[in-house]
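Raw protein.csv, CSV, C-alpha atoms:
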chain,number,residue,atom,x,y,z
Y,1,MET,CA,68.4,32.6,126.3
Y,2,ALA,CA,69.1,33.1,122.6
Y,3,THR,CA,66.9,36.1,122.6
Y,4,ASP,CA,68.9,37.7,125.5
Y,5,SER,CA,72.1,37.0,123.6
Y,6,PHE,CA,70.7,38.5,120.4
Y,7,GLY,CA,69.3,41.5,122.3
Y,8,SER,CA,72.6,42.1,124.0
Y,9,ALA,CA,74.5,41.8,120.6
Y,10,LEU,CA,71.9,44.2,119.0
Y,11,LEU,CA,72.3,46.7,121.8
Y,12,GLU,CA,76.1,46.6,121.6
Y,13,TYR,CA,76.1,46.9,117.8
Y,14,SER,CA,73.7,49.9,118.0
Y,15,ILE,CA,75.7,51.7,120.6
Y,16,ASP,CA,79.0,51.1,118.7
Y,17,HIS,CA,77.5,52.4,115.4
Y,18,LEU,CA,75.8,55.5,116.7
Y,19,SER,CA,76.8,58.7,115.0
Y,20,ASP,CA,77.2,60.2,118.5
Y,21,LEU,CA,80.4,59.4,120.4
Y,22,LEU,CA,79.7,57.8,123.8
Y,23,ILE,CA,82.3,57.9,126.6
Y,24,TRP,CA,82.0,56.5,130.1
Y,25,ILE,CA,84.1,58.4,132.6
Y,26,GLY,CA,84.9,57.6,136.2
Y,27,ASP,CA,84.6,60.1,139.0
Y,28,ASP,CA,88.4,60.7,138.8
Y,29,GLY,CA,88.1,61.7,135.2
Y,30,GLY,CA,89.6,58.5,133.9
Y,31,LEU,CA,88.1,57.2,130.6
Y,32,LEU,CA,86.5,53.8,131.3
Y,33,HIS,CA,84.9,52.9,128.0
Y,34,ALA,CA,83.9,54.3,124.6
Y,35,ASN,CA,81.8,53.2,121.7
Y,36,LYS,CA,83.4,52.3,118.4
Y,37,SER,CA,82.5,55.7,116.9
Y,38,ALA,CA,84.4,57.5,119.7
Y,39,LEU,CA,87.4,55.3,119.3
Y,40,ASP,CA,87.4,55.8,115.5
Y,41,PHE,CA,87.1,59.6,115.9
Y,42,TYR,CA,89.9,59.9,118.4
Y,43,GLY,CA,92.1,57.3,116.7
Y,44,TYR,CA,92.7,55.0,119.7
Y,45,GLU,CA,92.2,51.4,120.4
Y,46,LEU,CA,90.0,50.7,123.5
Y,47,ASP,CA,93.0,49.6,125.7
Y,48,GLU,CA,94.9,52.9,124.8
Y,49,PHE,CA,91.8,55.0,125.3
Y,50,THR,CA,91.1,53.6,128.8
Y,51,ARG,CA,94.6,54.6,129.9
Y,52,LEU,CA,93.7,58.3,129.4
Y,53,ALA,CA,91.7,60.8,131.3
Y,54,VAL,CA,89.4,63.7,130.1
Y,55,TYR,CA,92.2,66.2,130.4
Y,56,HIS,CA,94.1,64.2,127.7
Y,57,LEU,CA,91.4,65.0,125.2
Y,58,ASP,CA,91.1,68.7,126.2
Y,59,SER,CA,94.4,70.4,127.1
Y,60,ASP,CA,92.5,73.3,128.7
Y,61,PHE,CA,90.7,70.9,131.1
Y,62,THR,CA,93.0,70.2,134.1
Y,63,ARG,CA,92.5,67.8,136.9
Y,64,ALA,CA,91.3,70.7,139.1
Y,65,ALA,CA,88.8,71.7,136.4
Y,66,TRP,CA,87.6,68.1,136.2
Y,67,ASP,CA,87.0,68.1,140.0
Y,68,GLN,CA,84.9,71.3,139.7
Y,69,HIS,CA,83.0,69.9,136.7
Y,70,TRP,CA,82.3,66.6,138.6
Y,71,LEU,CA,80.8,68.6,141.6
Y,72,SER,CA,78.6,70.6,139.2
Y,73,LEU,CA,77.6,67.5,137.3
Y,74,LYS,CA,76.5,65.7,140.5
Y,75,ARG,CA,74.5,68.8,141.5
Y,76,GLN,CA,72.8,69.4,138.1
Y,77,SER,CA,72.7,65.8,136.7
Y,78,VAL,CA,73.3,67.0,133.2
Y,79,LEU,CA,75.8,69.5,131.8
Y,80,LYS,CA,76.3,70.8,128.2
Y,81,VAL,CA,79.6,72.2,127.1
Y,82,PHE,CA,81.3,73.2,123.8
Y,83,VAL,CA,85.0,72.5,123.8
Y,84,GLN,CA,87.9,71.5,121.5
Y,85,HIS,CA,89.0,67.9,121.7
Y,86,CYS,CA,92.3,66.6,120.5
Y,87,ASP,CA,92.6,63.2,118.7
Y,88,LYS,CA,95.6,60.9,118.9
Y,89,ALA,CA,97.2,62.6,115.9
Y,90,GLY,CA,97.1,66.0,117.7
Y,91,LYS,CA,94.3,67.5,115.6
Y,92,TYR,CA,91.7,69.6,117.5
Y,93,HIS,CA,88.0,69.3,116.7
Y,94,PRO,CA,85.1,71.4,118.0
Y,95,VAL,CA,82.7,69.2,119.9
Y,96,GLU,CA,79.5,69.6,121.9
Y,97,ILE,CA,79.3,67.4,125.0
Y,98,ILE,CA,76.2,66.4,126.9
Y,99,ASP,CA,77.4,65.0,130.1
Y,100,THR,CA,75.1,63.0,132.4
Y,101,TYR,CA,75.7,61.9,135.9
Y,102,GLN,CA,75.0,58.2,136.6
Y,103,CYS,CA,75.2,56.2,139.9
Y,104,ILE,CA,75.0,52.4,139.2
Y,105,GLU,CA,75.3,49.9,142.0
Y,106,GLY,CA,77.0,52.5,144.2
Y,107,ARG,CA,79.6,53.6,141.6
Y,108,GLU,CA,79.5,57.1,140.1
Y,109,TYR,CA,80.0,57.7,136.4
Y,110,SER,CA,79.7,60.4,133.8
Y,111,VAL,CA,78.2,59.3,130.5
Y,112,ALA,CA,79.3,61.8,127.9
Y,113,VAL,CA,77.5,62.1,124.5
Y,114,VAL,CA,80.0,63.9,122.3
Y,115,ARG,CA,78.9,65.4,119.0
Y,116,ARG,CA,81.2,66.8,116.3
Y,117,THR,CA,80.4,70.4,115.5
Y,118,GLU,CA,82.7,71.1,112.6
Y,119,HIS,CA,79.7,71.4,110.3
Y,120,ARG,CA,78.1,73.9,112.7
Y,121,VAL,CA,81.2,76.0,112.7
Y,122,ASP,CA,81.3,76.0,108.9
Y,123,GLN,CA,77.7,77.0,108.8
Y,124,THR,CA,78.1,79.7,111.3
Y,125,GLN,CA,81.1,81.1,109.4
Y,126,ARG,CA,79.1,81.1,106.2
Y,127,MET,CA,76.2,82.9,107.9
Y,128,GLN,CA,78.6,85.5,109.4
Y,129,LEU,CA,80.1,86.1,105.9
Y,130,MET,CA,76.7,86.4,104.4
Y,131,GLN,CA,75.6,88.8,107.1
Y,132,PHE,CA,78.8,90.9,106.6
Y,133,SER,CA,78.1,91.0,102.8
Y,134,VAL,CA,74.5,92.1,103.2
Y,135,ASP,CA,75.6,94.7,105.8
Y,136,GLN,CA,78.2,96.2,103.5
Y,137,MET,CA,76.0,96.3,100.3
Y,138,VAL,CA,75.6,99.7,98.7
Y,139,ASP,CA,71.9,99.0,98.1
Y,140,SER,CA,69.3,99.2,100.8
Y,141,VAL,CA,68.3,95.8,102.2
Y,142,PHE,CA,65.3,95.2,104.5
Y,143,TRP,CA,63.8,92.2,106.1
Y,144,ILE,CA,60.1,92.7,106.7
Y,145,ASN,CA,57.7,90.4,108.6
Y,146,GLU,CA,54.1,89.6,107.8
Y,147,ASP,CA,52.8,92.7,109.7
Y,148,ALA,CA,54.9,95.0,107.5
Y,149,ARG,CA,57.3,95.6,110.4
Y,150,ILE,CA,61.0,96.0,109.6
Y,151,THR,CA,63.0,93.3,111.4
Y,152,TYR,CA,66.4,94.2,109.8
Y,153,ALA,CA,67.9,97.0,107.7
Y,154,ASN,CA,71.5,97.1,106.5
Y,155,ASP,CA,73.9,100.0,106.8
Y,156,ALA,CA,72.9,101.5,103.4
Y,157,ALA,CA,69.2,101.5,104.3
Y,158,CYS,CA,70.0,103.4,107.5
Y,159,ARG,CA,72.2,105.9,105.6
Y,160,ASN,CA,69.7,106.4,102.8
Y,161,LEU,CA,66.8,107.0,105.1
Y,162,GLY,CA,68.6,108.8,107.9
Y,163,TYR,CA,67.6,106.4,110.7
Y,164,ALA,CA,69.6,104.4,113.1
Y,165,HIS,CA,69.3,100.6,113.1
Y,166,ASP,CA,67.3,100.5,116.3
Y,167,GLU,CA,64.9,103.2,114.9
Y,168,LEU,CA,64.2,101.3,111.7
Y,169,ARG,CA,63.7,98.0,113.6
Y,170,HIS,CA,60.7,99.6,115.4
Y,171,MET,CA,59.1,101.0,112.2
Y,172,SER,CA,56.9,99.6,109.5
Y,173,VAL,CA,57.0,99.8,105.7
Y,174,TYR,CA,54.1,102.4,105.6
Y,175,GLU,CA,56.0,104.6,108.1
Y,176,ILE,CA,58.9,105.0,105.7
Y,177,ASP,CA,57.1,104.9,102.4
Y,178,PRO,CA,54.1,107.2,102.0
Y,179,ASN,CA,53.3,105.5,98.7
Y,180,PHE,CA,52.7,102.3,100.6
Y,181,PRO,CA,49.9,102.9,103.1
Y,182,GLU,CA,48.9,100.4,105.8
Y,183,SER,CA,45.6,99.6,104.1
Y,184,ARG,CA,47.6,98.4,101.0
Y,185,TRP,CA,49.7,95.9,103.1
Y,186,SER,CA,46.7,94.1,104.7
Represent the supplied structure as structure tokens.
Amino acid sequence: MATDSFGSALLEYSIDHLSDLLIWIGDDGGLLHANKSALDFYGYELDEFTRLAVYHLDSDFTRAAWDQHWLSLKRQSVLKVFVQHCDKAGKYHPVEIIDTYQCIEGREYSVAVVRRTEHRVDQTQRMQLMQFSVDQMVDSVFWINEDARITYANDAACRNLGYAHDELRHMSVYEIDPNFPESRWS
């Protein structure tokens, strides 16, 4: 019996300390339970959190939207969405949700694994800024694969060579530079 108690305590501790947020949701959209990571993230105590519904976390998600989501979830078993969730303080956070339909002892649930995506948004913004910077450089920039095919050319490269982006992406180095024959690339 001590092993069962230890196993249950270990499981509960592991679930509570996951980096992912876990939320158990009823078929009506009511929040039934959450792990400690979720409660910390949203800023609620468990008794407060379980008085809420999914549409309290996402103001764009109405009761009618939940009903549609629930029908889709039951049909597909798993849904993945990207939304903005609001914490208790009113701050919005971008999150990815992997929602799984569960039926346990005749009761239907949604188990939502919620992942914070702020770092992905920051990384995407940095990549977009980098791409913009490369696109706007006055020097020609090319990305070339192992077969000497051009996979990317910035605006300056297109202007300097007189080709459109799509044309250059279908060419190889030796097609635009006669001093660099195919035999030299291999």
Quiz prompt | Residue nearest Y:Ser110 among Y:Val78, Y:Met137, Y:Ala156, Y:Ile150 (counting only C-alpha atoms) | solution = Y:Val78
Quiz item: Out of Y:Leu73, Y:Val111, Y:Leu31, Y:Leu10, which residue has the shortest atom-to-atom distance to Y:His56 when counting all atoms listed in the file?
Solution: Y:Leu31
Practice problem: Could you tell me which of Y:Arg107, Y:Arg126, Y:Arg116, Y:His69 comes closest to Y:His85 if we count only C-alpha atoms? | Solution: Y:Arg116
Quiz prompt | Long-range neighbours of Y:Arg51 as a ChimeraX atom specification, 10 Å cut-off, only C-alpha atoms, 3 positions minimum in chain | solution = /Y:30-32,46-48,56
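If you look at atom CA of Y:Lys88 and atom CA of Y:Trp24, they are 18.2 Å away from each other.
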Exercise. Find the spatial neighbours of Y:Asp147, counting all atoms listed in the file, within a cut-off of 12 Å - ignore same-chain residues fewer than 5 positions away - and output them as a ChimeraX atom specification.
Key: /Y:170-174,182-186
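Take the candidates Y:Asn179, Y:Asn35, Y:Thr100, Y:Asn154 and check each one against Y:Thr50 using only C-alpha atoms; the shortest distance goes to Y:Asn35.
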Taking N, CA and C atoms as the atom set, what does stretch 6-41 of chain Y look like once completed, written as a compact mmCIF listing (two decimals), in the coordinates of the input?
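The resulting file, result-v1.txt, is shown below:
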# COMPACT_ATOMS: atom_id res chain seq x y z
N PHE Y 6 70.90 37.66 121.63
CA PHE Y 6 70.70 38.50 120.40
C PHE Y 6 70.40 39.92 120.83
N GLY Y 7 69.58 40.13 121.85
CA GLY Y 7 69.30 41.50 122.30
C GLY Y 7 70.52 42.22 122.78
N SER Y 8 71.39 41.54 123.50
CA SER Y 8 72.60 42.10 124.00
C SER Y 8 73.55 42.50 122.79
N ALA Y 9 73.64 41.59 121.82
CA ALA Y 9 74.50 41.80 120.60
C ALA Y 9 73.91 43.01 119.83
N LEU Y 10 72.59 43.07 119.70
CA LEU Y 10 71.90 44.20 119.00
C LEU Y 10 72.19 45.49 119.67
N LEU Y 11 72.05 45.50 120.98
CA LEU Y 11 72.30 46.70 121.80
C LEU Y 11 73.74 47.17 121.61
N GLU Y 12 74.68 46.25 121.75
CA GLU Y 12 76.10 46.60 121.60
C GLU Y 12 76.41 47.13 120.23
N TYR Y 13 75.88 46.48 119.20
CA TYR Y 13 76.10 46.90 117.80
C TYR Y 13 75.52 48.34 117.64
N SER Y 14 74.32 48.56 118.15
CA SER Y 14 73.70 49.90 118.00
C SER Y 14 74.47 50.97 118.68
N ILE Y 15 74.94 50.71 119.89
CA ILE Y 15 75.70 51.70 120.60
C ILE Y 15 77.04 52.00 119.88
N ASP Y 16 77.70 50.95 119.41
CA ASP Y 16 79.00 51.10 118.70
C ASP Y 16 78.84 51.92 117.42
N HIS Y 17 77.70 51.83 116.76
CA HIS Y 17 77.50 52.40 115.40
C HIS Y 17 76.69 53.71 115.46
N LEU Y 18 76.44 54.25 116.64
CA LEU Y 18 75.80 55.50 116.70
C LEU Y 18 76.64 56.61 116.05
N SER Y 19 76.01 57.64 115.52
CA SER Y 19 76.80 58.70 115.00
C SER Y 19 77.39 59.56 116.15
N ASP Y 20 76.72 59.54 117.30
CA ASP Y 20 77.20 60.20 118.50
C ASP Y 20 78.36 59.37 119.10
N LEU Y 21 79.31 60.05 119.70
CA LEU Y 21 80.40 59.40 120.40
C LEU Y 21 79.96 59.23 121.85
N LEU Y 22 80.09 58.04 122.40
CA LEU Y 22 79.70 57.80 123.80
C LEU Y 22 80.99 57.45 124.58
N ILE Y 23 81.17 58.14 125.71
CA ILE Y 23 82.30 57.90 126.60
C ILE Y 23 81.84 57.76 128.00
N TRP Y 24 82.26 56.68 128.66
CA TRP Y 24 82.00 56.50 130.10
C TRP Y 24 83.19 56.92 130.84
N ILE Y 25 82.98 57.79 131.83
CA ILE Y 25 84.10 58.40 132.60
C ILE Y 25 83.90 58.15 134.06
N GLY Y 26 84.99 57.82 134.74
CA GLY Y 26 84.90 57.60 136.20
C GLY Y 26 84.95 58.92 136.95
N ASP Y 27 84.66 58.85 138.22
CA ASP Y 27 84.60 60.10 139.00
C ASP Y 27 85.95 60.78 139.14
N ASP Y 28 87.02 60.07 138.82
CA ASP Y 28 88.40 60.70 138.80
C ASP Y 28 88.75 61.28 137.49
N GLY Y 29 87.85 61.19 136.51
CA GLY Y 29 88.10 61.70 135.20
C GLY Y 29 88.75 60.71 134.24
N GLY Y 30 88.99 59.50 134.72
CA GLY Y 30 89.60 58.50 133.90
C GLY Y 30 88.52 57.96 132.85
N LEU Y 31 88.99 57.69 131.64
CA LEU Y 31 88.10 57.20 130.60
C LEU Y 31 87.96 55.68 130.76
N LEU Y 32 86.73 55.23 131.01
CA LEU Y 32 86.50 53.80 131.30
C LEU Y 32 86.08 52.99 130.12
N HIS Y 33 85.36 53.59 129.20
CA HIS Y 33 84.90 52.90 128.00
C HIS Y 33 84.43 53.86 126.97
N ALA Y 34 84.38 53.42 125.74
CA ALA Y 34 83.90 54.30 124.60
C ALA Y 34 83.32 53.39 123.56
N ASN Y 35 82.36 53.96 122.83
CA ASN Y 35 81.80 53.20 121.70
C ASN Y 35 82.80 53.25 120.52
N LYS Y 36 82.54 52.43 119.52
CA LYS Y 36 83.40 52.30 118.40
C LYS Y 36 83.54 53.69 117.64
N SER Y 37 82.43 54.42 117.56
CA SER Y 37 82.50 55.70 116.90
C SER Y 37 83.44 56.67 117.58
N ALA Y 38 83.47 56.64 118.92
CA ALA Y 38 84.40 57.50 119.70
C ALA Y 38 85.84 57.05 119.41
N LEU Y 39 86.07 55.75 119.46
CA LEU Y 39 87.40 55.30 119.30
C LEU Y 39 87.93 55.60 117.85
N ASP Y 40 87.06 55.45 116.86
CA ASP Y 40 87.40 55.80 115.50
C ASP Y 40 87.74 57.30 115.38
N PHE Y 41 86.90 58.13 115.97
CA PHE Y 41 87.10 59.60 115.90
C PHE Y 41 88.38 60.02 116.55
